[in-house]
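This report refers to the structure that appears directly beneath it.
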2 protein chains.
Amino acid sequence: MPLRRNSKSIGGPKRAASLFAALGDENRLRLVWRLRDDGPMSITGLTAGSRITRQAITKHLRVMQQAHLVRSRRHGRESLWQLDQQRLQDARRYLDLISKQWDQALGRLREFVEE
Amino acid sequence: MPLRRNSKSIGGPKRAASLFAALGDENRLRLVWRLRDDGPMSITGLTAGSRITRQAITKHLRVMQQAHLVRSRRHGRESLWQLDQQRLQDARRYLDLISKQWDQALGRLREFVEE
DNA sequence: AAATACTGCAACCAAACGGTTGCATTTCTG
DNA sequence: CAGAAATGCAACCGTTTGGTTGCAGTATTT
């Protein structure tokens with residue numbers, strides 16, 4: 001038995017799903033780009049130059065926060081929000097896992113056919 | 001003007017969002033793993049060993065289909081569904097873009113600070 | 001031709017989502 | 001201290017989502 005650790009080590013489908021779901025909204029993706037481009041920002045800062053309300057943005061941030069995609073530290077009366085680099089990496093690695101073992105599957109299939 | 005192709009070439013936030021949204025559901029992720037492990041399968045095949053209904057699975061497949069994550073070709077009375085490798089790559093590359101230019105941003109910041 | 005298997009379509013339902021408005025709270029600033 | 005700025009909380013609302021059940025339509029199989 002070859003150490004059946006099924007390598008979805010980032011988390012089960014449940015945890016991964018919440019991560020992708022957090023990325024699965026247009027406005028949230030815009031926030032991601034924004035935070036990446038301009039660095040940590042306050043809610044008001046993010047609201048400026050956005051078509052939606054401050055509260056809408058707050059909600060989006062909360063969604064991303066619960067997926068650990070973003071975190072905030074308070075600084076006086078404003079709180080600065082920033083991306084969690086690691087969590088984005090997690091998402092990437094999860095996709096890698098699918099593709100990688102998939103290639104192996106294709107490899108096995110090829111073997112099987114060519115025998 | 002340096003050929004302003006802003007490098008989000010996979011598609012704007014809108015298109016990318018639909019892709020991530022398609023991945024942002026636990027049951028759909030399970031289907032992805034299933035299709036990757038066992039290759040192209042029929043709906044009935046996918047339903048076997050799943051807790052949800054055949055019609056629920058159908059709906060999930062349609063969602064993924066509209067995000068071009070999955071496609072089906074009919075074969076007699078059953079239709080076989082398979083993953084679209086390329087589209088998964090797209091998702092990965094999109095995440096890469098965020099991280100990559102992010103590193104550049106950090107680089108710029110470091111420069112700025114160290115000057 | 002009759003029974004069986006597989007998919008598609010439609011209606012329906014509760015819950016979640018994305019967004020808004022209004023008001024309260026905390027923290028700076030003049 | 002009074003006002004302004006930033007966030008938080010809560011209620012509300014229309015639409016989408018994830019799921020179900022029921023029935024109809026096509027292929028196979030016997």
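Within each chain, counting starts at residue 1; across the structure tokens, chains are named A, B, ... in the order shown, with ligands numbered 1 upward in that order.
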Practice task
Determine, counting only C-alpha atoms (C1' of nucleotides), which protein, DNA and RNA residues have an atom within 10 Å of an atom of region 48-54 of chain B; residues of the same chain fewer than 5 positions away are not included. Present the result as a PyMOL selection string.
Solution key: (chain B and resi 27+30-31+43+59-60) or (chain C and resi 7) or (chain D and resi 19-20)
Export of the given selection (N, CA and C atoms (P, O5', C5', C4', C3', O3' and C1' of nucleotides)) as a PDB file, in the first residue's frame:
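Writing done, so here's result_2.pdb:
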```pdb
ATOM      1  N   ASN B  27     -19.623  20.056  -5.084  1.00  0.00           N
ATOM      2  CA  ASN B  27     -20.042  18.930  -5.923  1.00  0.00           C
ATOM      3  C   ASN B  27     -19.417  19.003  -7.313  1.00  0.00           C
ATOM      4  N   ARG B  30     -15.942  17.772  -7.162  1.00  0.00           N
ATOM      5  CA  ARG B  30     -15.930  16.317  -7.126  1.00  0.00           C
ATOM      6  C   ARG B  30     -16.068  15.745  -8.535  1.00  0.00           C
ATOM      7  N   LEU B  31     -16.962  16.369  -9.301  1.00  0.00           N
ATOM      8  CA  LEU B  31     -17.143  15.898 -10.673  1.00  0.00           C
ATOM      9  C   LEU B  31     -15.837  16.049 -11.456  1.00  0.00           C
ATOM     10  N   ILE B  43     -23.670  10.829 -17.802  1.00  0.00           N
ATOM     11  CA  ILE B  43     -24.323  11.398 -16.624  1.00  0.00           C
ATOM     12  C   ILE B  43     -24.688  10.291 -15.639  1.00  0.00           C
ATOM     13  N   LYS B  59     -27.357  19.677 -14.165  1.00  0.00           N
ATOM     14  CA  LYS B  59     -27.235  21.130 -14.012  1.00  0.00           C
ATOM     15  C   LYS B  59     -25.785  21.543 -13.798  1.00  0.00           C
ATOM     16  N   HIS B  60     -25.109  20.842 -12.935  1.00  0.00           N
ATOM     17  CA  HIS B  60     -23.708  21.184 -12.680  1.00  0.00           C
ATOM     18  C   HIS B  60     -22.888  21.083 -13.964  1.00  0.00           C
TER      19      HIS B  60
ATOM     20  P    DT C   7     -26.697   9.489 -19.798  1.00  0.00           P
ATOM     21  O5'  DT C   7     -27.733  10.537 -20.401  1.00  0.00           O
ATOM     22  C5'  DT C   7     -27.764  10.738 -21.803  1.00  0.00           C
ATOM     23  C4'  DT C   7     -28.933  11.610 -22.189  1.00  0.00           C
ATOM     24  C3'  DT C   7     -28.917  13.020 -21.601  1.00  0.00           C
ATOM     25  O3'  DT C   7     -28.784  13.951 -22.660  1.00  0.00           O
ATOM     26  C1'  DT C   7     -31.077  12.031 -21.445  1.00  0.00           C
TER      27       DT C   7
ATOM     28  P    DG D  19     -26.213  20.789  -5.064  1.00  0.00           P
ATOM     29  O5'  DG D  19     -27.684  20.186  -5.144  1.00  0.00           O
ATOM     30  C5'  DG D  19     -28.440  20.108  -3.953  1.00  0.00           C
ATOM     31  C4'  DG D  19     -29.906  19.986  -4.254  1.00  0.00           C
ATOM     32  C3'  DG D  19     -30.338  18.805  -5.128  1.00  0.00           C
ATOM     33  O3'  DG D  19     -30.458  17.618  -4.357  1.00  0.00           O
ATOM     34  C1'  DG D  19     -31.670  20.786  -5.467  1.00  0.00           C
ATOM     35  P    DT D  20     -30.899  16.263  -5.064  1.00  0.00           P
ATOM     36  O5'  DT D  20     -32.502  16.380  -5.166  1.00  0.00           O
ATOM     37  C5'  DT D  20     -33.266  16.612  -3.979  1.00  0.00           C
ATOM     38  C4'  DT D  20     -34.701  16.949  -4.356  1.00  0.00           C
ATOM     39  C3'  DT D  20     -35.401  15.866  -5.163  1.00  0.00           C
ATOM     40  O3'  DT D  20     -36.139  15.022  -4.300  1.00  0.00           O
ATOM     41  C1'  DT D  20     -35.837  18.077  -6.034  1.00  0.00           C
TER      42       DT D  20
END
```
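With the cut-off set to 9 Å and only C-alpha atoms (C1' of nucleotides) counted, chain D residues close to chain A are DA5, DA6 and DT7 of chain D.
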Within 12 Å of chain B, which residues of chain C show up? Give each one with its shortest atom-to-atom distance in Å (one decimal) and the two atoms involved, counting only C-alpha atoms (C1' of nucleotides), rows by chain then rising residue number, as a tab-separated table.
```
residue	atom	partner	partner_atom	distance
C:DA5	C1'	B:Arg77	CA	8.4
C:DC6	C1'	B:Glu78	CA	5.6
C:DT7	C1'	B:Glu78	CA	6.9
C:DG8	C1'	B:Gln55	CA	9.6
C:DC9	C1'	B:Gln55	CA	10.6
```
Which residues of chain B sit at most 9 Å from chain A, using only C-alpha atoms? Give each one's shortest atom pair and distance in Å (one decimal place), in chain and ascending residue order, as a Markdown table.
```
| residue | atom | partner | partner_atom | distance |
| --- | --- | --- | --- | --- |
| B:Gly12 | CA | A:Glu26 | CA | 8.8 |
| B:Pro13 | CA | A:Glu26 | CA | 5.3 |
| B:Lys14 | CA | A:Glu26 | CA | 5.1 |
| B:Arg15 | CA | A:Glu26 | CA | 8.2 |
| B:Ala16 | CA | A:Gly24 | CA | 7.6 |
| B:Ala17 | CA | A:Gly24 | CA | 4.3 |
| B:Ser18 | CA | A:Gly24 | CA | 6.0 |
| B:Leu19 | CA | A:Gly24 | CA | 7.0 |
| B:Phe20 | CA | A:Gly24 | CA | 4.4 |
| B:Ala21 | CA | A:Gly24 | CA | 3.9 |
| B:Ala22 | CA | A:Gly24 | CA | 7.5 |
| B:Leu23 | CA | A:Phe20 | CA | 5.9 |
| B:Gly24 | CA | A:Ala21 | CA | 3.9 |
| B:Asp25 | CA | A:Ala17 | CA | 4.9 |
| B:Glu26 | CA | A:Lys14 | CA | 5.1 |
| B:Asn27 | CA | A:Pro13 | CA | 7.8 |
| B:Arg28 | CA | A:Ala17 | CA | 8.6 |
| B:Leu29 | CA | A:Pro13 | CA | 6.0 |
| B:Arg30 | CA | A:Pro13 | CA | 6.6 |
| B:Val32 | CA | A:Ile98 | CA | 8.2 |
| B:Trp33 | CA | A:Ile98 | CA | 7.0 |
| B:Arg36 | CA | A:Trp102 | CA | 5.7 |
| B:Asp37 | CA | A:Ala105 | CA | 6.9 |
| B:Asp38 | CA | A:Ala105 | CA | 8.5 |
| B:Gly39 | CA | A:Ala105 | CA | 8.4 |
| B:Gln85 | CA | A:Ser99 | CA | 7.4 |
| B:Leu88 | CA | A:Leu95 | CA | 7.0 |
| B:Gln89 | CA | A:Leu95 | CA | 8.0 |
| B:Ala91 | CA | A:Leu95 | CA | 7.9 |
| B:Arg92 | CA | A:Arg92 | CA | 5.7 |
| B:Arg93 | CA | A:Arg92 | CA | 8.6 |
| B:Leu95 | CA | A:Arg92 | CA | 6.4 |
| B:Asp96 | CA | A:Arg92 | CA | 7.6 |
| B:Ile98 | CA | A:Trp33 | CA | 7.0 |
| B:Ser99 | CA | A:Gln85 | CA | 7.4 |
| B:Gln101 | CA | A:Arg36 | CA | 8.0 |
| B:Trp102 | CA | A:Arg36 | CA | 5.7 |
| B:Ala105 | CA | A:Asp37 | CA | 6.9 |
| B:Leu106 | CA | A:Gly39 | CA | 8.9 |
```
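Within the 10 Å cut-off around DT30 (chain D), using only C-alpha atoms (C1' of nucleotides) and omitting residues fewer than 6 positions from it on the same chain, the listed residues are DA2, DA3 and DT4 of chain C.
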Any chance you can output those residues with C-alpha atoms (C1' of nucleotides) as a compact mmCIF listing (two decimals), in the first residue's frame?
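again20.txt, freshly written:
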```
# COMPACT_ATOMS: atom_id res chain seq x y z
C1' DA C 2 -42.33 -4.05 -25.90
C1' DA C 3 -39.62 -3.16 -22.24
C1' DT C 4 -35.52 -0.85 -20.62
```
Practice task
Excluding DC1 (chain D) and residues on its chain fewer than 2 positions from it, collect all residues at most 12 Å away from it, counting only C-alpha atoms (C1' of nucleotides), and give them as a ChimeraX atom specification.
Solution key: /C:29-30 /D:3
Problem - alpha helix (DSSP H) residues, from DSSP on the backbone, in region 46-93 of chain B, as a list in words - result: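 Result set for region 46-93 of chain B (alpha helix (DSSP H)): Leu46, Thr47, Arg54, Gln55, Ala56, Ile57, Thr58, Lys59, His60, Leu61, Arg62, Val63, Met64, Gln65, Gln66, Gln85, Gln86, Arg87, Leu88, Gln89, Asp90, Ala91, Arg92 and Arg93 of chain B.
Shell of region 12-17 of chain D at 9 Å, with only C-alpha atoms (C1' of nucleotides) counted and residues fewer than 6 places along the chain excluded, is DA15, DA16, DC17, DG18, DG19, DT20 and DT21 of chain C.
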Handout entry: Shell of 7 Å around region 69-72 of chain A, only C-alpha atoms (C1' of nucleotides), local chain residues under 2 positions omitted, as a PyMOL selection string
Key = chain A and resi 64-65+67+74+79-84+87-88
Keeping N, CA and C atoms for every residue in the selection just given, could you write it to a file as a short mmCIF file (atom, residue, chain, number, x, y, z; two decimals), in the first residue's frame?
```cif
data_model
loop_
_atom_site.label_atom_id
_atom_site.label_comp_id
_atom_site.auth_asym_id
_atom_site.auth_seq_id
_atom_site.Cartn_x
_atom_site.Cartn_y
_atom_site.Cartn_z
N MET A 64 -14.19 37.10 0.78
CA MET A 64 -12.81 36.73 0.49
C MET A 64 -12.04 36.46 1.78
N GLN A 65 -12.42 37.17 2.82
CA GLN A 65 -11.75 36.97 4.10
C GLN A 65 -12.04 35.57 4.65
N ALA A 67 -12.63 33.04 3.00
CA ALA A 67 -11.87 32.08 2.20
C ALA A 67 -10.37 32.28 2.41
N ARG A 74 -6.37 46.61 11.39
CA ARG A 74 -6.92 47.92 11.65
C ARG A 74 -5.81 48.90 11.98
N SER A 79 -9.22 50.41 8.24
CA SER A 79 -8.55 49.11 8.26
C SER A 79 -8.01 48.83 6.86
N LEU A 80 -6.81 48.35 6.81
CA LEU A 80 -6.16 48.11 5.53
C LEU A 80 -6.29 46.65 5.14
N TRP A 81 -6.75 46.47 3.93
CA TRP A 81 -6.97 45.11 3.44
C TRP A 81 -5.87 44.74 2.46
N GLN A 82 -5.44 43.49 2.60
CA GLN A 82 -4.41 43.03 1.66
C GLN A 82 -4.65 41.59 1.27
N LEU A 83 -4.11 41.24 0.13
CA LEU A 83 -4.23 39.88 -0.38
C LEU A 83 -3.37 38.93 0.43
N ASP A 84 -3.80 37.69 0.50
CA ASP A 84 -2.98 36.64 1.07
C ASP A 84 -2.35 35.85 -0.06
N ARG A 87 -2.60 32.02 -0.20
CA ARG A 87 -3.88 31.41 -0.55
C ARG A 87 -4.06 31.36 -2.07
N LEU A 88 -3.55 32.37 -2.75
CA LEU A 88 -3.60 32.34 -4.21
C LEU A 88 -2.74 31.19 -4.73
#
```
